[in-house]
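One structure is given below, encoded as structure tokens.
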Amino acid sequence: MEKKVVVAVVCVAAVAGAVATAAVVKRKMKMDRRWAKAMEIVKEMQEKCGTPIGKLKQVADAMVVEMHAGLASEGGSKLKMLISYVDNLPTGDEKGLFYALDLGGTNFRVLRVQLGGKDGGLVNQEFTEVSIPPNLMIGTSDALFDYIAAELAKFIAQEGQEFELPPGKQRELGFTFSFPVMQTSIASGTLVRWTKGFSIDDAVGLDVVAELTKAMKRQGLDMRVSALVNDTVGTLAGGKYSYKDVAVAVILGTGSNAAYVESAQAIPKWHGDLPKSGEMVINMEWGNFRSSHLPLTEYDHAMDNESLNRGEQIFEKLISGMYLGEIVRRVLLKMAEEAAFFGDIVPPKLKTPFILRTPDMSAMHHDTSSDLILVEKKMKDILEICNTSLQTRKVVVELCNIVATRGSRLAAAGILGILKKIGRDTVKDGDEQKTVIAMDGGLFEHYGEYSKCLENTLTELLGEEVSKTISIEHASDGSGLGAALLAASHSPYLEAENC
């Protein structure tokens, strides 16, 4: 009897052990299937985001075609190719006291710069930053510009005697207005529409320079707006002041845009007298570029469909800081939903659009610790995903790399397109021409892997010989310093002095 009991116990134990082993094997098989599915999603993303050199050259050629079309007629291309009316870029000889007003969001800045002429350079620069009360962002045109003019007057009232101007001479201002404007001269332009949370209906269709000028008069300010510019044109001006060979400016930040120096004769839609310089700065608005050669994925299409500007700014949505982190989030969400990448429950935070910002993506991409501790922290703090394995964290970094690499390589292709359009993509015998590209924006400045990949890709596209004639330089604060410099280079007093 005892033997039977022992045998029974052994049998039960054996069966239990077998069941437990089977459960472990089944769980492992399930985990393996999930991992395989997750890796399949990553592999497909990598393939769809592919940017071989041949494809990048097709993108650059398509950019050139669109540039020609945009220069030929208004509305002729997805690229607006806006005439900036900037035909004199700073030379470094500018001298005197100039101001800038930079209005591009919920804050604005007022700057004062003292220029010392040929050998003096930038003598002094001071600024103040002011928040715009939310009620003024949805109020009236007069209320907004009166507030701005009052702050400008306050800034000038605090100046010392060394900044006093001789009698009869007005203070001059460069006005950076980073909203859609139809420019009609160097110092006039009508507001097309508001963005960035502003909604002041009575200002749409008005000349923003005239509105600011009236507000300054109401404040008793004797000041004239010498130049109305956008931040990309300002970056070109600021770059030109420091590097005489600047021909192109690119902003890679939350958004993206490019401007460059074009021959006035190559602008068929220009109907005025040719400028004395023979040149004109073109504001491309390249964020709106699109082409069948762009490597779009299901995540890009979904993000675009859910955006406020559906079908617009496709290039910007691939390369700029506003969107890179969001694309990574969308891929991670699919992996969580279809491959249980983070366990049986899809992390709720992962479903929140734009919760993963590009600065956080950059921090994860740059994590060099052996156990990717920063990736673990970001996943926990932002997405509330705890206890990620090292293997999982490595996949997250790989996704960051895929998305950043595609963006930076496409940005390089866009730059190649501009260089091709102005004939700077080749080297002629005996030609010692140098070309400097002025770059600005938080994405370029702070996302090292992105900017390094962009520069390496441009070298790859141009070849070693041509690359030696091209350099990329960081030109910071185009929207501030650049605007003041353009006020200087378009000063009527400058013209009088040269007569």
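Residue numbering restarts at 1 in every chain; chains get A, B, ... in the order shown in the structure tokens, and ligands count up from 1 in that same order.
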Residues within 8 Å of Leu97 (chain A), please, as a ChimeraX atom specification. Count only C-alpha atoms; anything in the same chain fewer than 2 positions from it doesn't count. /A:95,99,112-115,163,171-172
Take the residues that were just selected and, keeping N, CA and C atoms, output them as a PDB file, in the first residue's frame.
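Contents of part_18.pdb, freshly written:
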```pdb
ATOM      1  N   LYS A  95      27.908 100.581 -39.585  1.00  0.00           N
ATOM      2  CA  LYS A  95      28.325 101.300 -38.376  1.00  0.00           C
ATOM      3  C   LYS A  95      27.131 102.038 -37.787  1.00  0.00           C
ATOM      4  N   TYR A  99      18.312  98.561 -33.963  1.00  0.00           N
ATOM      5  CA  TYR A  99      17.437  97.804 -33.065  1.00  0.00           C
ATOM      6  C   TYR A  99      16.784  96.652 -33.831  1.00  0.00           C
ATOM      7  N   ARG A 112      19.179  95.784 -28.993  1.00  0.00           N
ATOM      8  CA  ARG A 112      19.930  96.970 -29.424  1.00  0.00           C
ATOM      9  C   ARG A 112      21.335  96.505 -29.749  1.00  0.00           C
ATOM     10  N   VAL A 113      21.823  96.844 -30.926  1.00  0.00           N
ATOM     11  CA  VAL A 113      23.196  96.468 -31.279  1.00  0.00           C
ATOM     12  C   VAL A 113      23.980  97.701 -31.711  1.00  0.00           C
ATOM     13  N   GLN A 114      25.213  97.739 -31.291  1.00  0.00           N
ATOM     14  CA  GLN A 114      26.131  98.828 -31.667  1.00  0.00           C
ATOM     15  C   GLN A 114      27.151  98.214 -32.615  1.00  0.00           C
ATOM     16  N   LEU A 115      27.177  98.709 -33.847  1.00  0.00           N
ATOM     17  CA  LEU A 115      28.102  98.178 -34.857  1.00  0.00           C
ATOM     18  C   LEU A 115      29.261  99.147 -35.028  1.00  0.00           C
ATOM     19  N   PHE A 163      23.821 106.375 -26.027  1.00  0.00           N
ATOM     20  CA  PHE A 163      23.001 105.867 -27.122  1.00  0.00           C
ATOM     21  C   PHE A 163      22.109 106.940 -27.742  1.00  0.00           C
ATOM     22  N   ARG A 171      15.811 106.482 -34.977  1.00  0.00           N
ATOM     23  CA  ARG A 171      16.270 105.129 -34.661  1.00  0.00           C
ATOM     24  C   ARG A 171      15.726 104.175 -35.722  1.00  0.00           C
ATOM     25  N   GLU A 172      16.531 103.143 -36.019  1.00  0.00           N
ATOM     26  CA  GLU A 172      16.122 102.196 -37.067  1.00  0.00           C
ATOM     27  C   GLU A 172      15.980 100.789 -36.507  1.00  0.00           C
TER      28      GLU A 172
END
```
Would you give me, as JSON lines, each residue of region 106-193 of chain A having an atom within 10 Å of an atom of region 486-490 of chain A, along with its shortest atom pair and that distance in Å to one decimal, using only C-alpha atoms and sorting by chain and residue number?
```
{"residue": "A:Leu115", "atom": "CA", "partner": "A:Ala488", "partner_atom": "CA", "distance": 8.9}
{"residue": "A:Glu172", "atom": "CA", "partner": "A:Ala487", "partner_atom": "CA", "distance": 6.4}
{"residue": "A:Leu173", "atom": "CA", "partner": "A:Ala487", "partner_atom": "CA", "distance": 5.8}
{"residue": "A:Gly174", "atom": "CA", "partner": "A:Ala487", "partner_atom": "CA", "distance": 4.7}
{"residue": "A:Phe175", "atom": "CA", "partner": "A:Ala487", "partner_atom": "CA", "distance": 8.3}
{"residue": "A:Ile186", "atom": "CA", "partner": "A:His490", "partner_atom": "CA", "distance": 8.2}
{"residue": "A:Ala187", "atom": "CA", "partner": "A:Ala487", "partner_atom": "CA", "distance": 9.4}
```
Expected answer as an mmCIF file with N, CA and C atoms, in the first residue's frame: alpha helix (DSSP H) residues in region 304-346 of chain A:
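Dumped to selection_21.cif:
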```
data_model
loop_
_atom_site.group_PDB
_atom_site.id
_atom_site.type_symbol
_atom_site.label_atom_id
_atom_site.label_comp_id
_atom_site.auth_asym_id
_atom_site.auth_seq_id
_atom_site.Cartn_x
_atom_site.Cartn_y
_atom_site.Cartn_z
ATOM 1 N N ASP A 304 0.282 62.880 -40.432
ATOM 2 C CA ASP A 304 -0.170 63.968 -41.303
ATOM 3 C C ASP A 304 -1.695 64.048 -41.322
ATOM 4 N N ASN A 305 -2.363 62.890 -41.421
ATOM 5 C CA ASN A 305 -3.827 62.872 -41.472
ATOM 6 C C ASN A 305 -4.458 63.454 -40.208
ATOM 7 N N ILE A 314 5.033 68.654 -45.630
ATOM 8 C CA ILE A 314 5.435 67.236 -45.586
ATOM 9 C C ILE A 314 6.938 67.094 -45.323
ATOM 10 N N PHE A 315 7.754 67.904 -45.973
ATOM 11 C CA PHE A 315 9.204 67.834 -45.772
ATOM 12 C C PHE A 315 9.546 68.174 -44.323
ATOM 13 N N GLU A 316 8.913 69.215 -43.805
ATOM 14 C CA GLU A 316 9.141 69.629 -42.421
ATOM 15 C C GLU A 316 8.762 68.510 -41.451
ATOM 16 N N LYS A 317 7.703 67.788 -41.765
ATOM 17 C CA LYS A 317 7.247 66.706 -40.881
ATOM 18 C C LYS A 317 8.212 65.515 -40.874
ATOM 19 N N LEU A 318 9.099 65.467 -41.837
ATOM 20 C CA LEU A 318 10.100 64.392 -41.894
ATOM 21 C C LEU A 318 11.418 64.781 -41.235
ATOM 22 N N ILE A 319 11.736 66.083 -41.213
ATOM 23 C CA ILE A 319 13.099 66.475 -40.824
ATOM 24 C C ILE A 319 13.189 67.347 -39.574
ATOM 25 N N LEU A 324 9.993 64.521 -34.962
ATOM 26 C CA LEU A 324 10.824 63.304 -34.887
ATOM 27 C C LEU A 324 10.441 62.410 -33.704
ATOM 28 N N GLY A 325 10.285 63.001 -32.531
ATOM 29 C CA GLY A 325 9.918 62.226 -31.350
ATOM 30 C C GLY A 325 8.548 61.585 -31.496
ATOM 31 N N GLU A 326 7.624 62.301 -32.136
ATOM 32 C CA GLU A 326 6.267 61.784 -32.345
ATOM 33 C C GLU A 326 6.281 60.556 -33.257
ATOM 34 N N ILE A 327 7.146 60.563 -34.269
ATOM 35 C CA ILE A 327 7.233 59.397 -35.161
ATOM 36 C C ILE A 327 7.723 58.178 -34.372
ATOM 37 N N VAL A 328 8.734 58.372 -33.514
ATOM 38 C CA VAL A 328 9.240 57.276 -32.679
ATOM 39 C C VAL A 328 8.115 56.749 -31.777
ATOM 40 N N ARG A 329 7.343 57.658 -31.190
ATOM 41 C CA ARG A 329 6.232 57.233 -30.319
ATOM 42 C C ARG A 329 5.238 56.359 -31.067
ATOM 43 N N ARG A 330 4.925 56.729 -32.285
ATOM 44 C CA ARG A 330 3.943 55.976 -33.071
ATOM 45 C C ARG A 330 4.432 54.565 -33.380
ATOM 46 N N VAL A 331 5.715 54.434 -33.654
ATOM 47 C CA VAL A 331 6.263 53.096 -33.914
ATOM 48 C C VAL A 331 6.220 52.256 -32.629
ATOM 49 N N LEU A 332 6.614 52.856 -31.517
ATOM 50 C CA LEU A 332 6.585 52.147 -30.227
ATOM 51 C C LEU A 332 5.156 51.721 -29.868
ATOM 52 N N LEU A 333 4.181 52.564 -30.189
ATOM 53 C CA LEU A 333 2.783 52.235 -29.899
ATOM 54 C C LEU A 333 2.340 51.014 -30.706
ATOM 55 N N LYS A 334 2.718 50.970 -31.966
ATOM 56 C CA LYS A 334 2.353 49.808 -32.787
ATOM 57 C C LYS A 334 3.003 48.538 -32.233
ATOM 58 N N MET A 335 4.258 48.656 -31.800
ATOM 59 C CA MET A 335 4.960 47.497 -31.225
ATOM 60 C C MET A 335 4.280 47.040 -29.927
ATOM 61 N N ALA A 336 3.790 48.017 -29.149
ATOM 62 C CA ALA A 336 3.092 47.679 -27.902
ATOM 63 C C ALA A 336 1.752 47.006 -28.188
ATOM 64 N N GLU A 337 1.041 47.485 -29.208
ATOM 65 C CA GLU A 337 -0.287 46.962 -29.528
ATOM 66 C C GLU A 337 -0.239 45.617 -30.250
ATOM 67 N N GLU A 338 0.709 45.469 -31.170
ATOM 68 C CA GLU A 338 0.726 44.275 -32.009
ATOM 69 C C GLU A 338 1.744 43.223 -31.575
ATOM 70 N N ALA A 339 2.716 43.623 -30.749
ATOM 71 C CA ALA A 339 3.744 42.664 -30.321
ATOM 72 C C ALA A 339 3.934 42.658 -28.806
#
```
Closest atom pairs, region 305-382 of chain A residues within 10 Å of region 426-446 of chain A, only C-alpha atoms, as CSV:
```
residue,atom,partner,partner_atom,distance
A:Ile319,CA,A:Leu443,CA,9.5
A:Ser320,CA,A:Leu443,CA,7.3
A:Gly321,CA,A:Leu443,CA,5.8
A:Met322,CA,A:Leu443,CA,9.4
A:Thr358,CA,A:Leu443,CA,8.3
A:Pro359,CA,A:His446,CA,8.2
A:Ser362,CA,A:His446,CA,8.3
A:Ala363,CA,A:His446,CA,9.7
```
Dump N, CA and C atoms for the selected residues as a PDB file, in the first residue's frame?
```pdb
ATOM      1  N   ILE A 319      11.736  66.083 -41.213  1.00  0.00           N
ATOM      2  CA  ILE A 319      13.099  66.475 -40.824  1.00  0.00           C
ATOM      3  C   ILE A 319      13.189  67.347 -39.574  1.00  0.00           C
ATOM      4  N   SER A 320      12.060  67.904 -39.092  1.00  0.00           N
ATOM      5  CA  SER A 320      12.188  68.923 -38.037  1.00  0.00           C
ATOM      6  C   SER A 320      11.870  68.405 -36.635  1.00  0.00           C
ATOM      7  N   GLY A 321      12.289  69.192 -35.656  1.00  0.00           N
ATOM      8  CA  GLY A 321      12.210  68.806 -34.252  1.00  0.00           C
ATOM      9  C   GLY A 321      10.807  68.638 -33.710  1.00  0.00           C
ATOM     10  N   MET A 322       9.827  69.272 -34.327  1.00  0.00           N
ATOM     11  CA  MET A 322       8.449  69.144 -33.860  1.00  0.00           C
ATOM     12  C   MET A 322       7.961  67.693 -33.968  1.00  0.00           C
ATOM     13  N   THR A 358      11.211  65.635 -29.102  1.00  0.00           N
ATOM     14  CA  THR A 358      12.490  65.361 -29.755  1.00  0.00           C
ATOM     15  C   THR A 358      13.695  65.558 -28.823  1.00  0.00           C
ATOM     16  N   PRO A 359      13.702  66.550 -27.906  1.00  0.00           N
ATOM     17  CA  PRO A 359      14.833  66.626 -26.965  1.00  0.00           C
ATOM     18  C   PRO A 359      14.999  65.345 -26.132  1.00  0.00           C
ATOM     19  N   SER A 362      16.444  62.724 -28.422  1.00  0.00           N
ATOM     20  CA  SER A 362      17.877  63.010 -28.581  1.00  0.00           C
ATOM     21  C   SER A 362      18.668  62.502 -27.370  1.00  0.00           C
ATOM     22  N   ALA A 363      18.150  62.759 -26.174  1.00  0.00           N
ATOM     23  CA  ALA A 363      18.836  62.313 -24.952  1.00  0.00           C
ATOM     24  C   ALA A 363      18.991  60.797 -24.949  1.00  0.00           C
TER      25      ALA A 363
END
```
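When CA of Met67 (chain A) is paired with CA of Lys421 (chain A), their separation reads 7.9 Å.
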Region 165-370 of chain A: residues DSSP assigns to strand (DSSP E), reported as JSON, numbers by chain: {"A": [171, 172, 173, 174, 175, 176, 177, 181, 182, 183, 184, 185, 188, 189, 190, 191, 223, 224, 225, 226, 227, 228, 229, 246, 247, 248, 249, 250, 251, 252, 256, 257, 258, 259, 260, 261, 262, 263, 279, 280, 281, 282, 283]}
